[in-house]
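**Q** The structure's right below; bear with me while I get my questions together.
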Amino acid sequence: MQKIRVIIAKPGLDGHDRGAKVIARALRDAGMEVIYTGLRQTPEQIVSAALQEDADAIGLSILSGAHMHICPRVMELLREKGLNDVLVVVGGIIPDVDIPKLNAIGIKGVFLPGTPMQEIVDFITRNTHSRVAT
Amino acid sequence: MKTASPAAGGSKERRGSFTTISGRPIEELYTPADIASLDYARDLGDPGDFPYTRGIHATGYHGKLWTMRQFAGFGAPEETNHRYKQLLKAGGTGLSVAFDLPTLMGRDPDHELSLGEVGKCGVNVTSLADMETLFDGIDLGSITTSMTINSPASMIFAMYLVVAEKRALRQGFGRGAGWESLSGTIQNDILKEFIAQKEYIYPPRQSMRLITDVFAFCAERVPRWNTISISGYHIREAGATAAQELAFTLRDGIEYVQYGVDAGLDVDTFAPRLSFFFNSHSDFFEEIAKYRAARRIWAHVMRDRFKAKNPRSWQLRFHSQTAGVSLTAQQPYNNVVRTALQAMAAVLGGTQSLHTNSLDEALALPTEEAATLALRTQQIIAHETGVANLVDPLGGSYFVEKLTSDLEEEALAYFDTIDRMGGMVAAVEKGYPQREIAESAYKFQQAVEQRDKIIVGVNEFVADEAEPIGTLYIDETTAERQLAKLQRLRETRDNDRVRAALDALKDGARGAANTMPLLIDAVRAYATIGEMCDALREVWGEYEETPII
């Protein structure tokens with residue numbers, strides 16, 4: 001079976017990468033192909049990595065409060081590049097009031113502190129299934 | 001691993017093994033046999049005596065309680081100035097500035113990467129004008145100020161100095177006046193940025209130069225200032241164990257002292273102004289032992305390795321902060337309890353100052369109510385529990401002494417490994433501490449997933465979420481206001497003077513001049529943080545790490 005390809009990215013200026021790295025490793029241990037972009041990626045760099053790597057999913061790690069600026073930009077660029085079927089999930093410190101707003105722009109999963117790694121693995125597996133199967 | 005002895009009534013143990021939060025196996029009982037090799041005078045000493053295992057002050061908290069220093073900053077300088085006045089009114093005894101990410105990364109609010117980050121994680125300070133607003137109405141001579149700033153530490157410190165200087169000038173004193181009486185701390189610890197928090201700008205060796213420049217400048221001009229806060233906090237938050245936090249932090253300390261000595265400074269001129277910053281995590285006894293071990297190790301390092309003669313160079317002073325990473329978004333009121341217990345460990349370990357986290361910090365920056373409750377937690381420990389009545393109350397405990405020695409031994413083994421690599425800068429360039437920490441972080445997460453480690457409200461005792469608590473929301477007008485101020489500043493200041501100061505800074509950076517006086521001149525001309533940092537980026541380049549997962 002084809003491996004799910006996931007980009008894990010840290011957008012913005014923040015360097016707290018514990019969560020991003022732990023998740024990257026958990027996804028890899030679950031059999032996915034994981035590309036970790038490293039720190040301080042602009043939305044442009046992230047989307048271009050997704051295009052180049054033919055990613056099935058993008059995981060954004062944002063703890064700094066900049067999510068309402070970064071996420072819409074990433075979604076807009078994905079649309080521009082015709083990558084509408086790439087699953088986008090966000091993990092980090094996201095106030096409750098922002099979750100519906102993120103869902104509304106097409107971000108399917110928002111994971112807060114304390115989420116089990118397995119839940120994220122399952123979510124990505126389930127939601128990239130149609131793409132990977134075709 | 002112990003199994004139940006018949007004496008225990010043959011009862012079955014709850015688990016196969018008992019370990020600390022760092023994964024350290026713990027016996028069921030400790031006895032005099034565990035500390036048979038300890039010699040009181042040699043290994044512990046009374047508080048105030050070498051090697052300071054029991055504390056650096058003979059009188060503990062009798063003379064002075066620890067400084068209750070609550071880290072705060074958000075939005076524009078006006079908002080944070082208001083919060084500081086509120087914290088001081090509530091009985092806080094020191095200030096601690098949290099800067100936003102653009103400031104921490106040396107970027108102006110109009111830089112592309114500042115998008116959405118202005119004022120979010122801390123206060124935005126772009127120029128001297130913002131620093132003047134931040135401390136408006138606060139007497140710099142009567143408080144101590146800690147500033148959590150690393151790559152641009154010299155630039156922010158220069159701004160603080162010029163605020164003090166301008167006030168002194170208004171009172172008829174000359175340039176540089178008022179600096180001798182300033183007291184406080186800049187974090188200025190770049191090694192832990194490379195290791196853990198990742199807010200670096202320049203390559204390691206150039207970054208180290210900025211730091212030794214501060215050591216030299218302060219020894220002469222700002223003698224009461226703590227020039228660095230060598231930090232384990234972020235190393236621990238990134239996933240290190242207690243032993244790794246201890247080892248990497250103190251080995252960073254050794255590296256700074258070595259660079260200072262190599263720059264030609266007499267160790268006793270700057271070592272007394274080095275300070276440390278540790279995490280106070282949830283494993284109560286392991287944390288207390290960690291602080292005790294830290295003091296003992298540092299005393300030996302300074303006396304034996306660096307031949308320092310001033311006892312103040314031997315004494316490890318530290319700030320502590322409760323573990324942000326232990327806070328949970330689930331059942332947030334539980335965080336009050338976690339923080340209280342962690343704070344108690346820091347006090348029993350003899351901390352010089354303490355920040356207690358607020359209950360809502362897994363969700364957002366703290367509200368005023370939450371921040372006040374966190375401060376009250378410290379006041380209750382100080383005034384109601386009695387733990388501040390005596391020094392090192394757990395000294396002599398078979399368990400705590402054994403743990404102290406074990407942690408020391410583990411740290412010394414790490415020192416050997418890092419020494420063999422050629423020191424901490426070389427180890428960082430090889431990614432060694434980064435890999436060790438990532439490994440520990442992953443192991444801990446797996447232990448949580450497998451429920452070997454229980455986190456109340458997360459993987460056990462889970463409850464349906466009650467009403468969400470109210471959190472602080474930073475609105476977008478902060479960025480707009482800061483951008484407008486920056487625009488106005490660029491229109492009204494003497495731009496020729498700014499350019500000349502920045503050119504002088506670049507020349508100095510190419511040569512061997514101390515960068516501090518050059519930065520102070522640039523600040524006086526109202527150069528922005530982005531402009532000053534860019535000037536040095538131009539000369540020194542930027543660091544990029546190889547991501548390790």
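By convention in this document, the chains of the structure tokens carry letters A, B, ... by their order, each chain's residues are numbered from 1, and ligands are numbered from 1 in the order they are shown.
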Using the chain letters and numbers from this document, which residues of segment 245-404 of chain B does DSSP assign to strand (DSSP E or B), as number ranges by chain?

**A** B: 274-280, 318-322, 353-355

**Q** Would you save the residues from that selection as an mmCIF file, in the first residue's frame, using C-alpha atoms?

**A**
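Saved file out-v8.cif follows:
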data_model
loop_
_atom_site.group_PDB
_atom_site.id
_atom_site.type_symbol
_atom_site.label_atom_id
_atom_site.label_comp_id
_atom_site.auth_asym_id
_atom_site.auth_seq_id
_atom_site.Cartn_x
_atom_site.Cartn_y
_atom_site.Cartn_z
ATOM 1 C CA LEU B 274 26.223 34.961 36.314
ATOM 2 C CA SER B 275 22.825 33.649 37.329
ATOM 3 C CA PHE B 276 20.833 30.547 36.490
ATOM 4 C CA PHE B 277 17.243 29.725 35.664
ATOM 5 C CA PHE B 278 15.734 26.305 36.248
ATOM 6 C CA ASN B 279 12.422 24.648 35.638
ATOM 7 C CA SER B 280 10.367 23.526 38.576
ATOM 8 C CA PHE B 318 18.902 30.847 40.428
ATOM 9 C CA HIS B 319 15.470 31.886 39.320
ATOM 10 C CA SER B 320 12.859 29.230 38.797
ATOM 11 C CA GLN B 321 9.591 28.916 36.974
ATOM 12 C CA THR B 322 6.967 26.251 37.322
ATOM 13 C CA SER B 353 13.278 34.149 42.685
ATOM 14 C CA LEU B 354 10.216 32.442 41.338
ATOM 15 C CA HIS B 355 7.561 32.729 38.668
#

**Q** What residues in chain B lie within 7 Å of chain A, counting only C-alpha atoms, written as a ChimeraX atom specification?

**A** /B:101,113,115-117,120-121,197-199,238,328-329,362-364,442,449,458,547,549

**Q** Using N, CA and C atoms, can you write the selected residues to a file as an mmCIF file, in the first residue's frame?

**A**
data_model
loop_
_atom_site.group_PDB
_atom_site.id
_atom_site.type_symbol
_atom_site.label_atom_id
_atom_site.label_comp_id
_atom_site.auth_asym_id
_atom_site.auth_seq_id
_atom_site.Cartn_x
_atom_site.Cartn_y
_atom_site.Cartn_z
ATOM 1 N N LEU B 101 7.402 37.660 19.654
ATOM 2 C CA LEU B 101 8.357 36.966 18.796
ATOM 3 C C LEU B 101 9.124 37.891 17.847
ATOM 4 N N LEU B 113 7.887 38.125 8.265
ATOM 5 C CA LEU B 113 7.695 37.040 9.237
ATOM 6 C C LEU B 113 7.018 37.517 10.528
ATOM 7 N N LEU B 115 4.182 38.822 10.545
ATOM 8 C CA LEU B 115 2.746 38.742 10.272
ATOM 9 C C LEU B 115 2.013 37.940 11.355
ATOM 10 N N GLY B 116 1.078 38.597 12.023
ATOM 11 C CA GLY B 116 0.266 37.918 13.023
ATOM 12 C C GLY B 116 0.945 37.683 14.348
ATOM 13 N N GLU B 117 2.194 38.111 14.509
ATOM 14 C CA GLU B 117 2.941 37.800 15.734
ATOM 15 C C GLU B 117 3.126 39.011 16.654
ATOM 16 N N LYS B 120 1.684 39.202 20.401
ATOM 17 C CA LYS B 120 0.929 37.989 20.720
ATOM 18 C C LYS B 120 1.507 37.224 21.917
ATOM 19 N N CYS B 121 2.792 36.926 21.891
ATOM 20 C CA CYS B 121 3.378 36.107 22.965
ATOM 21 C C CYS B 121 4.039 36.969 24.020
ATOM 22 N N GLN B 197 15.166 26.361 22.584
ATOM 23 C CA GLN B 197 14.062 27.267 22.274
ATOM 24 C C GLN B 197 14.115 27.793 20.845
ATOM 25 N N LYS B 198 15.319 27.757 20.249
ATOM 26 C CA LYS B 198 15.504 28.013 18.822
ATOM 27 C C LYS B 198 15.246 29.463 18.390
ATOM 28 N N GLU B 199 15.410 30.396 19.312
ATOM 29 C CA GLU B 199 15.317 31.797 18.904
ATOM 30 C C GLU B 199 16.729 32.353 18.715
ATOM 31 N N ALA B 238 11.531 21.595 26.482
ATOM 32 C CA ALA B 238 11.672 20.938 25.184
ATOM 33 C C ALA B 238 11.680 19.420 25.318
ATOM 34 N N THR B 328 -2.283 21.682 31.618
ATOM 35 C CA THR B 328 -3.154 21.011 30.667
ATOM 36 C C THR B 328 -4.297 21.935 30.269
ATOM 37 N N ALA B 329 -4.717 21.780 29.022
ATOM 38 C CA ALA B 329 -5.872 22.538 28.550
ATOM 39 C C ALA B 329 -7.144 21.951 29.149
ATOM 40 N N ALA B 362 -2.204 26.995 29.215
ATOM 41 C CA ALA B 362 -2.214 26.029 28.115
ATOM 42 C C ALA B 362 -3.182 26.493 27.031
ATOM 43 N N LEU B 363 -3.922 27.567 27.333
ATOM 44 C CA LEU B 363 -4.939 28.048 26.398
ATOM 45 C C LEU B 363 -4.578 29.383 25.764
ATOM 46 N N ALA B 364 -3.923 30.237 26.548
ATOM 47 C CA ALA B 364 -3.644 31.597 26.070
ATOM 48 C C ALA B 364 -2.690 32.260 27.049
ATOM 49 N N TYR B 442 10.250 12.220 23.157
ATOM 50 C CA TYR B 442 9.455 11.178 22.510
ATOM 51 C C TYR B 442 9.161 10.038 23.472
ATOM 52 N N GLU B 449 1.147 7.962 26.371
ATOM 53 C CA GLU B 449 0.217 7.236 25.497
ATOM 54 C C GLU B 449 -0.093 5.851 26.067
ATOM 55 N N VAL B 458 -6.078 14.131 31.526
ATOM 56 C CA VAL B 458 -5.660 13.938 30.130
ATOM 57 C C VAL B 458 -5.747 12.474 29.724
ATOM 58 N N PRO B 547 17.265 20.374 10.771
ATOM 59 C CA PRO B 547 16.213 19.826 11.643
ATOM 60 C C PRO B 547 16.467 18.355 11.965
ATOM 61 N N ILE B 549 14.672 15.011 13.681
ATOM 62 C CA ILE B 549 13.488 14.409 14.313
ATOM 63 C C ILE B 549 13.743 12.962 14.679
#

**Q** Please provide the set of residues having any atom within 12 Å of Pro72 of chain A, restricted to only C-alpha atoms, with same-chain residues fewer than 5 positions apart removed, written as a ChimeraX atom specification.

**A** /A:43-44,66-67,77-79,88,90,101-107 /B:116

**Q** Produce a file of the selected residues containing N, CA and C atoms, as a CSV table (one decimal), in the first residue's frame.

**A**
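Result file follows (out.csv):
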chain,number,residue,atom,x,y,z
A,43,PRO,N,4.2,30.7,4.6
A,43,PRO,CA,3.1,30.0,4.0
A,43,PRO,C,3.6,29.6,2.5
A,44,GLU,N,4.3,30.4,1.9
A,44,GLU,CA,4.7,30.1,0.5
A,44,GLU,C,5.6,28.9,0.5
A,66,ALA,N,-0.5,33.2,16.1
A,66,ALA,CA,-0.5,33.8,14.8
A,66,ALA,C,-1.4,33.0,13.8
A,67,HIS,N,-2.1,32.0,14.3
A,67,HIS,CA,-2.8,31.0,13.4
A,67,HIS,C,-3.8,31.7,12.5
A,77,LEU,N,-3.1,29.8,-0.7
A,77,LEU,CA,-2.1,29.4,-1.6
A,77,LEU,C,-2.3,28.0,-2.2
A,78,LEU,N,-2.8,27.1,-1.3
A,78,LEU,CA,-3.1,25.7,-1.7
A,78,LEU,C,-4.1,25.8,-2.9
A,79,ARG,N,-5.2,26.6,-2.7
A,79,ARG,CA,-6.2,26.7,-3.7
A,79,ARG,C,-5.6,27.2,-5.0
A,88,VAL,N,-5.3,19.5,5.6
A,88,VAL,CA,-4.6,20.4,6.4
A,88,VAL,C,-5.1,20.3,7.9
A,90,VAL,N,-4.0,21.4,12.1
A,90,VAL,CA,-3.3,22.4,12.9
A,90,VAL,C,-3.2,21.8,14.3
A,101,LYS,N,-13.7,28.9,13.1
A,101,LYS,CA,-13.2,29.8,12.0
A,101,LYS,C,-12.2,29.0,11.2
A,102,LEU,N,-11.4,28.2,11.8
A,102,LEU,CA,-10.4,27.4,11.1
A,102,LEU,C,-11.1,26.3,10.3
A,103,ASN,N,-12.0,25.7,10.9
A,103,ASN,CA,-12.8,24.7,10.2
A,103,ASN,C,-13.5,25.3,8.9
A,104,ALA,N,-14.0,26.5,9.1
A,104,ALA,CA,-14.7,27.1,8.0
A,104,ALA,C,-13.8,27.4,6.8
A,105,ILE,N,-12.5,27.6,7.0
A,105,ILE,CA,-11.7,27.9,5.9
A,105,ILE,C,-11.1,26.6,5.3
A,106,GLY,N,-11.5,25.5,5.8
A,106,GLY,CA,-11.1,24.2,5.2
A,106,GLY,C,-10.1,23.4,6.0
A,107,ILE,N,-9.8,23.9,7.2
A,107,ILE,CA,-8.8,23.1,8.1
A,107,ILE,C,-9.7,22.0,8.8
B,116,GLY,N,1.1,38.6,12.0
B,116,GLY,CA,0.3,37.9,13.0
B,116,GLY,C,0.9,37.7,14.3

**Q** Give me the residues within 12 Å of Ile56 of chain B as number ranges by chain, counting only C-alpha atoms and dropping any in the same chain fewer than 3 places off.

**A** B: 44-53, 59-61, 291-292, 294-296, 298-299, 311-318, 349-352, 391-392

**Q** Between B:Phe306, B:Tyr202, B:Phe248, B:Phe444, which residue has the minimum interatomic distance to Val539 of chain B, considering only C-alpha atoms?

**A**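 Among the listed residues, the smallest separation from Val539 of chain B belongs to B:Tyr202.
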
**Q** With only C-alpha atoms as the basis for distance, which of A:Asp98, A:Asp29, A:Asp85, A:Asp122 is at the shortest distance from Ala57 of chain A?

**A** A:Asp85

**Q** Once DSSP has gone over the backbone, tell me which residues of chain A are in alpha helix (DSSP H), as an MDAnalysis selection string.

**A** chainID A and resid 18:29 43:53 67:80 99:104 117:127 129:133
